[in-house]
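Novice: Input structure: upload39.cif, which contains mmCIF, N, CA and C atoms.
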```cif
data_coords
#
loop_
_atom_site.group_PDB
_atom_site.id
_atom_site.type_symbol
_atom_site.label_atom_id
_atom_site.label_comp_id
_atom_site.auth_asym_id
_atom_site.auth_seq_id
_atom_site.Cartn_x
_atom_site.Cartn_y
_atom_site.Cartn_z
ATOM 1 N N MET A 1 -8.006 9.510 7.600
ATOM 2 C CA MET A 1 -6.595 9.188 7.588
ATOM 3 C C MET A 1 -6.337 7.991 6.688
ATOM 4 N N ASN A 2 -7.204 6.990 6.755
ATOM 5 C CA ASN A 2 -6.988 5.801 5.933
ATOM 6 C C ASN A 2 -7.156 6.087 4.446
ATOM 7 N N LEU A 3 -8.057 6.982 4.099
ATOM 8 C CA LEU A 3 -8.211 7.366 2.699
ATOM 9 C C LEU A 3 -6.916 7.964 2.180
ATOM 10 N N ILE A 4 -6.334 8.885 2.925
ATOM 11 C CA ILE A 4 -5.084 9.531 2.518
ATOM 12 C C ILE A 4 -3.964 8.494 2.448
ATOM 13 N N ARG A 5 -3.890 7.623 3.452
ATOM 14 C CA ARG A 5 -2.841 6.584 3.476
ATOM 15 C C ARG A 5 -2.938 5.685 2.251
ATOM 16 N N LEU A 6 -4.156 5.236 1.947
ATOM 17 C CA LEU A 6 -4.325 4.340 0.800
ATOM 18 C C LEU A 6 -3.982 5.029 -0.520
ATOM 19 N N LEU A 7 -4.366 6.271 -0.662
ATOM 20 C CA LEU A 7 -4.016 7.007 -1.881
ATOM 21 C C LEU A 7 -2.504 7.163 -1.999
ATOM 22 N N LEU A 8 -1.847 7.534 -0.899
ATOM 23 C CA LEU A 8 -0.390 7.706 -0.928
ATOM 24 C C LEU A 8 0.324 6.385 -1.200
ATOM 25 N N GLN A 9 -0.134 5.311 -0.566
ATOM 26 C CA GLN A 9 0.502 4.010 -0.780
ATOM 27 C C GLN A 9 0.239 3.498 -2.194
ATOM 28 N N GLY A 10 -0.971 3.712 -2.704
ATOM 29 C CA GLY A 10 -1.264 3.309 -4.080
ATOM 30 C C GLY A 10 -0.397 4.048 -5.067
ATOM 31 N N LYS A 11 -0.227 5.339 -4.850
ATOM 32 C CA LYS A 11 0.630 6.154 -5.720
ATOM 33 C C LYS A 11 2.074 5.662 -5.656
ATOM 34 N N GLU A 12 2.558 5.401 -4.448
ATOM 35 C CA GLU A 12 3.917 4.896 -4.269
ATOM 36 C C GLU A 12 4.103 3.543 -4.973
ATOM 37 N N LEU A 13 3.126 2.670 -4.840
ATOM 38 C CA LEU A 13 3.198 1.354 -5.466
ATOM 39 C C LEU A 13 3.241 1.474 -6.984
ATOM 40 N N LEU A 14 2.424 2.344 -7.539
ATOM 41 C CA LEU A 14 2.419 2.534 -8.989
ATOM 42 C C LEU A 14 3.716 3.165 -9.486
ATOM 43 N N GLU A 15 4.279 4.068 -8.694
ATOM 44 C CA GLU A 15 5.511 4.751 -9.101
ATOM 45 C C GLU A 15 6.741 3.873 -8.972
ATOM 46 N N THR A 16 6.818 3.103 -7.880
ATOM 47 C CA THR A 16 8.054 2.385 -7.577
ATOM 48 C C THR A 16 7.930 0.869 -7.688
ATOM 49 N N GLY A 17 6.686 0.347 -7.633
ATOM 50 C CA GLY A 17 6.495 -1.094 -7.605
ATOM 51 C C GLY A 17 6.689 -1.674 -6.219
ATOM 52 N N ASN A 18 6.891 -0.815 -5.216
ATOM 53 C CA ASN A 18 7.140 -1.257 -3.844
ATOM 54 C C ASN A 18 6.344 -0.420 -2.860
ATOM 55 N N LEU A 19 6.138 -0.987 -1.687
ATOM 56 C CA LEU A 19 5.626 -0.237 -0.549
ATOM 57 C C LEU A 19 6.741 -0.188 0.476
ATOM 58 N N ILE A 20 7.097 1.008 0.884
ATOM 59 C CA ILE A 20 8.226 1.180 1.799
ATOM 60 C C ILE A 20 7.691 1.465 3.192
ATOM 61 N N PHE A 21 8.204 0.714 4.159
ATOM 62 C CA PHE A 21 7.843 0.906 5.560
ATOM 63 C C PHE A 21 9.098 1.214 6.341
ATOM 64 N N PRO A 22 9.061 2.050 7.340
ATOM 65 C CA PRO A 22 7.894 2.785 7.797
ATOM 66 C C PRO A 22 7.469 3.835 6.773
ATOM 67 N N LEU A 23 6.221 4.222 6.861
ATOM 68 C CA LEU A 23 5.656 5.167 5.913
ATOM 69 C C LEU A 23 6.376 6.513 5.975
ATOM 70 N N ALA A 24 6.679 7.064 4.809
ATOM 71 C CA ALA A 24 7.350 8.362 4.744
ATOM 72 C C ALA A 24 6.464 9.474 5.292
ATOM 73 N N ASP A 25 5.153 9.328 5.144
ATOM 74 C CA ASP A 25 4.201 10.359 5.558
ATOM 75 C C ASP A 25 3.568 10.052 6.909
ATOM 76 N N ARG A 26 4.238 9.286 7.717
ATOM 77 C CA ARG A 26 3.684 8.827 8.995
ATOM 78 C C ARG A 26 3.218 9.988 9.874
ATOM 79 N N ASP A 27 4.061 11.009 10.036
ATOM 80 C CA ASP A 27 3.702 12.127 10.906
ATOM 81 C C ASP A 27 2.474 12.875 10.390
ATOM 82 N N PHE A 28 2.407 13.081 9.082
ATOM 83 C CA PHE A 28 1.266 13.736 8.462
ATOM 84 C C PHE A 28 -0.005 12.929 8.711
ATOM 85 N N LEU A 29 0.076 11.618 8.539
ATOM 86 C CA LEU A 29 -1.078 10.753 8.760
ATOM 87 C C LEU A 29 -1.524 10.765 10.222
ATOM 88 N N LEU A 30 -0.561 10.762 11.126
ATOM 89 C CA LEU A 30 -0.911 10.822 12.549
ATOM 90 C C LEU A 30 -1.558 12.163 12.900
ATOM 91 N N ASP A 31 -1.085 13.237 12.269
ATOM 92 C CA ASP A 31 -1.708 14.547 12.494
ATOM 93 C C ASP A 31 -3.169 14.536 12.038
ATOM 94 N N ILE A 32 -3.430 13.884 10.922
ATOM 95 C CA ILE A 32 -4.824 13.763 10.454
ATOM 96 C C ILE A 32 -5.630 12.964 11.467
ATOM 97 N N LYS A 33 -5.064 11.855 11.897
ATOM 98 C CA LYS A 33 -5.769 10.957 12.826
ATOM 99 C C LYS A 33 -6.092 11.643 14.149
ATOM 100 N N THR A 34 -5.195 12.501 14.605
ATOM 101 C CA THR A 34 -5.400 13.155 15.901
ATOM 102 C C THR A 34 -6.194 14.457 15.789
ATOM 103 N N GLY A 35 -6.675 14.779 14.588
ATOM 104 C CA GLY A 35 -7.566 15.917 14.437
ATOM 105 C C GLY A 35 -6.894 17.252 14.208
ATOM 106 N N LYS A 36 -5.633 17.244 13.817
ATOM 107 C CA LYS A 36 -4.926 18.506 13.574
ATOM 108 C C LYS A 36 -5.510 19.240 12.362
ATOM 109 N N TYR A 37 -6.144 18.485 11.462
ATOM 110 C CA TYR A 37 -6.748 19.059 10.262
ATOM 111 C C TYR A 37 -8.260 18.878 10.310
ATOM 112 N N THR A 38 -8.967 19.822 9.715
ATOM 113 C CA THR A 38 -10.426 19.704 9.633
ATOM 114 C C THR A 38 -10.785 18.689 8.554
ATOM 115 N N LEU A 39 -12.022 18.247 8.582
ATOM 116 C CA LEU A 39 -12.501 17.313 7.573
ATOM 117 C C LEU A 39 -12.356 17.922 6.173
ATOM 118 N N ASN A 40 -12.696 19.194 6.039
ATOM 119 C CA ASN A 40 -12.577 19.842 4.723
ATOM 120 C C ASN A 40 -11.124 19.902 4.245
ATOM 121 N N GLU A 41 -10.198 20.144 5.157
ATOM 122 C CA GLU A 41 -8.776 20.146 4.782
ATOM 123 C C GLU A 41 -8.342 18.757 4.317
ATOM 124 N N VAL A 42 -8.778 17.742 5.031
ATOM 125 C CA VAL A 42 -8.427 16.365 4.666
ATOM 126 C C VAL A 42 -9.017 16.017 3.302
ATOM 127 N N LEU A 43 -10.259 16.406 3.066
ATOM 128 C CA LEU A 43 -10.876 16.138 1.764
ATOM 129 C C LEU A 43 -10.168 16.899 0.646
ATOM 130 N N ASP A 44 -9.687 18.106 0.930
ATOM 131 C CA ASP A 44 -8.897 18.852 -0.057
ATOM 132 C C ASP A 44 -7.582 18.128 -0.355
ATOM 133 N N PHE A 45 -6.914 17.630 0.709
ATOM 134 C CA PHE A 45 -5.696 16.833 0.511
ATOM 135 C C PHE A 45 -6.006 15.633 -0.365
ATOM 136 N N ALA A 46 -7.118 14.973 -0.074
ATOM 137 C CA ALA A 46 -7.495 13.766 -0.812
ATOM 138 C C ALA A 46 -7.702 14.076 -2.287
ATOM 139 N N GLU A 47 -8.324 15.190 -2.606
ATOM 140 C CA GLU A 47 -8.532 15.564 -4.006
ATOM 141 C C GLU A 47 -7.217 15.755 -4.735
ATOM 142 N N VAL A 48 -6.278 16.438 -4.089
ATOM 143 C CA VAL A 48 -4.968 16.678 -4.698
ATOM 144 C C VAL A 48 -4.238 15.349 -4.912
ATOM 145 N N ILE A 49 -4.218 14.519 -3.892
ATOM 146 C CA ILE A 49 -3.512 13.237 -3.986
ATOM 147 C C ILE A 49 -4.195 12.320 -4.993
ATOM 148 N N GLU A 50 -5.519 12.340 -5.038
ATOM 149 C CA GLU A 50 -6.245 11.518 -6.010
ATOM 150 C C GLU A 50 -5.906 11.942 -7.433
ATOM 151 N N SER A 51 -5.774 13.231 -7.658
ATOM 152 C CA SER A 51 -5.393 13.737 -8.981
ATOM 153 C C SER A 51 -3.994 13.251 -9.355
ATOM 154 N N GLU A 52 -3.066 13.300 -8.390
ATOM 155 C CA GLU A 52 -1.708 12.790 -8.620
ATOM 156 C C GLU A 52 -1.735 11.286 -8.871
ATOM 157 N N PHE A 53 -2.548 10.577 -8.095
ATOM 158 C CA PHE A 53 -2.692 9.125 -8.251
ATOM 159 C C PHE A 53 -3.182 8.794 -9.657
ATOM 160 N N ASP A 54 -4.204 9.500 -10.123
ATOM 161 C CA ASP A 54 -4.765 9.251 -11.454
ATOM 162 C C ASP A 54 -3.716 9.440 -12.550
ATOM 163 N N LYS A 55 -2.905 10.478 -12.431
ATOM 164 C CA LYS A 55 -1.846 10.717 -13.429
ATOM 165 C C LYS A 55 -0.849 9.567 -13.442
ATOM 166 N N VAL A 56 -0.434 9.143 -12.258
ATOM 167 C CA VAL A 56 0.526 8.038 -12.152
ATOM 168 C C VAL A 56 -0.105 6.749 -12.661
ATOM 169 N N TYR A 57 -1.368 6.523 -12.322
ATOM 170 C CA TYR A 57 -2.075 5.309 -12.745
ATOM 171 C C TYR A 57 -2.106 5.196 -14.265
ATOM 172 N N HIS A 58 -2.422 6.288 -14.931
ATOM 173 C CA HIS A 58 -2.559 6.252 -16.391
ATOM 174 C C HIS A 58 -1.211 6.157 -17.103
ATOM 175 N N SER A 59 -0.134 6.493 -16.423
ATOM 176 C CA SER A 59 1.185 6.379 -17.052
ATOM 177 C C SER A 59 1.956 5.154 -16.563
ATOM 178 N N SER A 60 1.365 4.385 -15.658
ATOM 179 C CA SER A 60 2.040 3.224 -15.080
ATOM 180 C C SER A 60 2.062 2.053 -16.055
ATOM 181 N N ASN A 61 3.132 1.277 -15.983
ATOM 182 C CA ASN A 61 3.204 0.062 -16.787
ATOM 183 C C ASN A 61 2.928 -1.183 -15.939
ATOM 184 N N MET A 62 2.430 -0.972 -14.725
ATOM 185 C CA MET A 62 2.093 -2.095 -13.852
ATOM 186 C C MET A 62 0.904 -2.846 -14.455
ATOM 187 N N GLN A 63 1.000 -4.157 -14.462
ATOM 188 C CA GLN A 63 -0.081 -4.952 -15.042
ATOM 189 C C GLN A 63 -1.356 -4.787 -14.231
ATOM 190 N N SER A 64 -2.486 -4.882 -14.907
ATOM 191 C CA SER A 64 -3.762 -4.620 -14.251
ATOM 192 C C SER A 64 -4.299 -5.820 -13.465
ATOM 193 N N LYS A 65 -3.782 -7.011 -13.746
ATOM 194 C CA LYS A 65 -4.231 -8.201 -13.021
ATOM 195 C C LYS A 65 -3.034 -8.906 -12.412
ATOM 196 N N SER A 66 -3.282 -9.502 -11.266
ATOM 197 C CA SER A 66 -2.230 -10.254 -10.587
ATOM 198 C C SER A 66 -2.036 -11.602 -11.245
ATOM 199 N N ASN A 67 -0.833 -12.145 -11.105
ATOM 200 C CA ASN A 67 -0.544 -13.488 -11.576
ATOM 201 C C ASN A 67 -0.916 -14.444 -10.441
ATOM 202 N N TYR A 68 -2.183 -14.883 -10.458
ATOM 203 C CA TYR A 68 -2.706 -15.679 -9.352
ATOM 204 C C TYR A 68 -1.963 -16.993 -9.170
ATOM 205 N N ASN A 69 -1.527 -17.624 -10.248
ATOM 206 C CA ASN A 69 -0.788 -18.888 -10.111
ATOM 207 C C ASN A 69 0.527 -18.671 -9.379
ATOM 208 N N GLU A 70 1.217 -17.606 -9.712
ATOM 209 C CA GLU A 70 2.491 -17.307 -9.048
ATOM 210 C C GLU A 70 2.261 -17.004 -7.559
ATOM 211 N N ILE A 71 1.228 -16.258 -7.263
ATOM 212 C CA ILE A 71 0.907 -15.932 -5.869
ATOM 213 C C ILE A 71 0.523 -17.200 -5.108
ATOM 214 N N GLN A 72 -0.301 -18.041 -5.718
ATOM 215 C CA GLN A 72 -0.716 -19.277 -5.071
ATOM 216 C C GLN A 72 0.488 -20.177 -4.797
ATOM 217 N N ASN A 73 1.388 -20.300 -5.752
ATOM 218 C CA ASN A 73 2.594 -21.118 -5.549
ATOM 219 C C ASN A 73 3.461 -20.553 -4.427
ATOM 220 N N PHE A 74 3.581 -19.239 -4.365
ATOM 221 C CA PHE A 74 4.362 -18.609 -3.302
ATOM 222 C C PHE A 74 3.749 -18.917 -1.933
ATOM 223 N N VAL A 75 2.442 -18.773 -1.815
ATOM 224 C CA VAL A 75 1.764 -19.022 -0.536
ATOM 225 C C VAL A 75 1.907 -20.485 -0.129
ATOM 226 N N ILE A 76 1.738 -21.395 -1.072
ATOM 227 C CA ILE A 76 1.861 -22.825 -0.771
ATOM 228 C C ILE A 76 3.282 -23.150 -0.309
ATOM 229 N N CYS A 77 4.275 -22.649 -1.015
ATOM 230 C CA CYS A 77 5.672 -22.895 -0.621
ATOM 231 C C CYS A 77 5.974 -22.306 0.751
ATOM 232 N N THR A 78 5.473 -21.118 1.009
ATOM 233 C CA THR A 78 5.695 -20.470 2.294
ATOM 234 C C THR A 78 5.072 -21.277 3.425
ATOM 235 N N LEU A 79 3.843 -21.740 3.226
ATOM 236 C CA LEU A 79 3.177 -22.550 4.251
ATOM 237 C C LEU A 79 3.883 -23.883 4.464
ATOM 238 N N LYS A 80 4.300 -24.520 3.372
ATOM 239 C CA LYS A 80 5.028 -25.798 3.510
ATOM 240 C C LYS A 80 6.309 -25.595 4.307
ATOM 241 N N ASN A 81 7.054 -24.538 4.001
ATOM 242 C CA ASN A 81 8.297 -24.262 4.734
ATOM 243 C C ASN A 81 8.020 -23.967 6.202
ATOM 244 N N TYR A 82 6.963 -23.223 6.454
ATOM 245 C CA TYR A 82 6.610 -22.901 7.840
ATOM 246 C C TYR A 82 6.323 -24.172 8.635
ATOM 247 N N PHE A 83 5.483 -25.033 8.097
ATOM 248 C CA PHE A 83 5.115 -26.247 8.823
ATOM 249 C C PHE A 83 6.269 -27.233 8.888
ATOM 250 N N ARG A 84 7.093 -27.280 7.875
ATOM 251 C CA ARG A 84 8.268 -28.145 7.893
ATOM 252 C C ARG A 84 9.219 -27.683 9.018
ATOM 253 N N ASN A 85 9.451 -26.379 9.114
ATOM 254 C CA ASN A 85 10.321 -25.841 10.164
ATOM 255 C C ASN A 85 9.705 -26.019 11.552
ATOM 256 N N LYS A 86 8.411 -25.901 11.640
ATOM 257 C CA LYS A 86 7.707 -26.083 12.919
ATOM 258 C C LYS A 86 7.855 -27.525 13.403
ATOM 259 N N GLU A 87 7.752 -28.486 12.495
ATOM 260 C CA GLU A 87 7.894 -29.897 12.847
ATOM 261 C C GLU A 87 9.317 -30.187 13.286
ATOM 262 N N ASP A 88 10.300 -29.575 12.635
ATOM 263 C CA ASP A 88 11.695 -29.809 12.990
ATOM 264 C C ASP A 88 12.004 -29.320 14.407
ATOM 265 N N LYS A 89 11.322 -28.283 14.850
ATOM 266 C CA LYS A 89 11.575 -27.722 16.184
ATOM 267 C C LYS A 89 10.885 -28.518 17.275
ATOM 268 N N GLU A 90 9.907 -29.330 16.914
ATOM 269 C CA GLU A 90 9.175 -30.095 17.936
ATOM 270 C C GLU A 90 9.823 -31.373 18.260
#
```
Give the structure from this file in structure tokens form.
Specialist:
Amino acid sequence: MNLIRLLLQGKELLETGNLIFPLADRDFLLDIKTGKYTLNEVLDFAEVIESEFDKVYHSSNMQSKSNYNEIQNFVICTLKNYFRNKEDKE
């Protein structure tokens, strides 16, 4: 189930630049998790989705590396705001 979820979410991220929750394929994923499909069926699904993922990946304009400085600044600002707000409530 997690293999299928990750492939679907990766494809969605490459196509849209976003991850949307709740998952659109939630029921399908739960059916996999509860054994509604055989292992071979799940592996067949994975092959199809992986092929779709590869096509989207090769046509995507998403950058291949993250902007670590921007992410680090975001995390630092978020933590500072969290602790600042926590102190104000005490």
Novice: I need the output of the PyMOL selection byres ((chain A and resi 42-51) around 8) for this file as number ranges by chain; which residues are they?
Specialist: A: 1, 3-4, 7-8, 11, 32, 37-41, 52-57
Novice: Please run DSSP on the backbone and report, as a PyMOL selection string, all residues within stretch 26-79 of chain A that come out as alpha helix (DSSP H).
Specialist: chain A and resi 26-33+39-59+68-79
Novice: How many Å lie between atom N of A:Lys33 and atom N of A:Leu6, rounded to one decimal?
Specialist: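 Between these atoms lies a distance of 12.0 Å.
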Novice: For A:Asp25, which residue out of A:Ser60, A:Ser66, A:Asn81, A:Gln9 is the nearest one, using only C-alpha atoms?
Specialist: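 Between A:Ser60, A:Ser66, A:Asn81, A:Gln9, the residue approaching A:Asp25 most closely is A:Gln9.
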Novice: When you draw a straight line from atom CA of A:Asn61 to atom CA of A:Thr16, how long is it in Å?
Specialist: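 Value for the atom CA of A:Asn61-atom CA of A:Thr16 distance: 10.7 Å.
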Novice: Using all atoms listed in the file, find the one residue out of A:Asn2, A:Glu15, A:Gly10, A:Tyr68 that sits nearest to A:Leu29.
Specialist: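 Closest candidate: A:Asn2.
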Novice: So that I can see what lies close to stretch 22-24 of chain A, please list as a list in words the residues with an atom at most 9 Å from it, counting only C-alpha atoms and leaving out residues fewer than 3 positions away in the same chain.
Specialist: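 Those residues are Arg5, Gln9, Leu19, Asp27 and Phe28 of chain A.
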Novice: Can you sort out the box for stretch 38-41 of chain A, edges along x, y and z, all listed atoms in, 5 Å on every side, with centre and edge lengths in Å to one decimal, as lines of an AutoDock Vina configuration file?
Specialist:
```
center_x = -10.5
center_y = 18.7
center_z = 7.0
size_x = 14.4
size_y = 12.8
size_z = 15.5
```
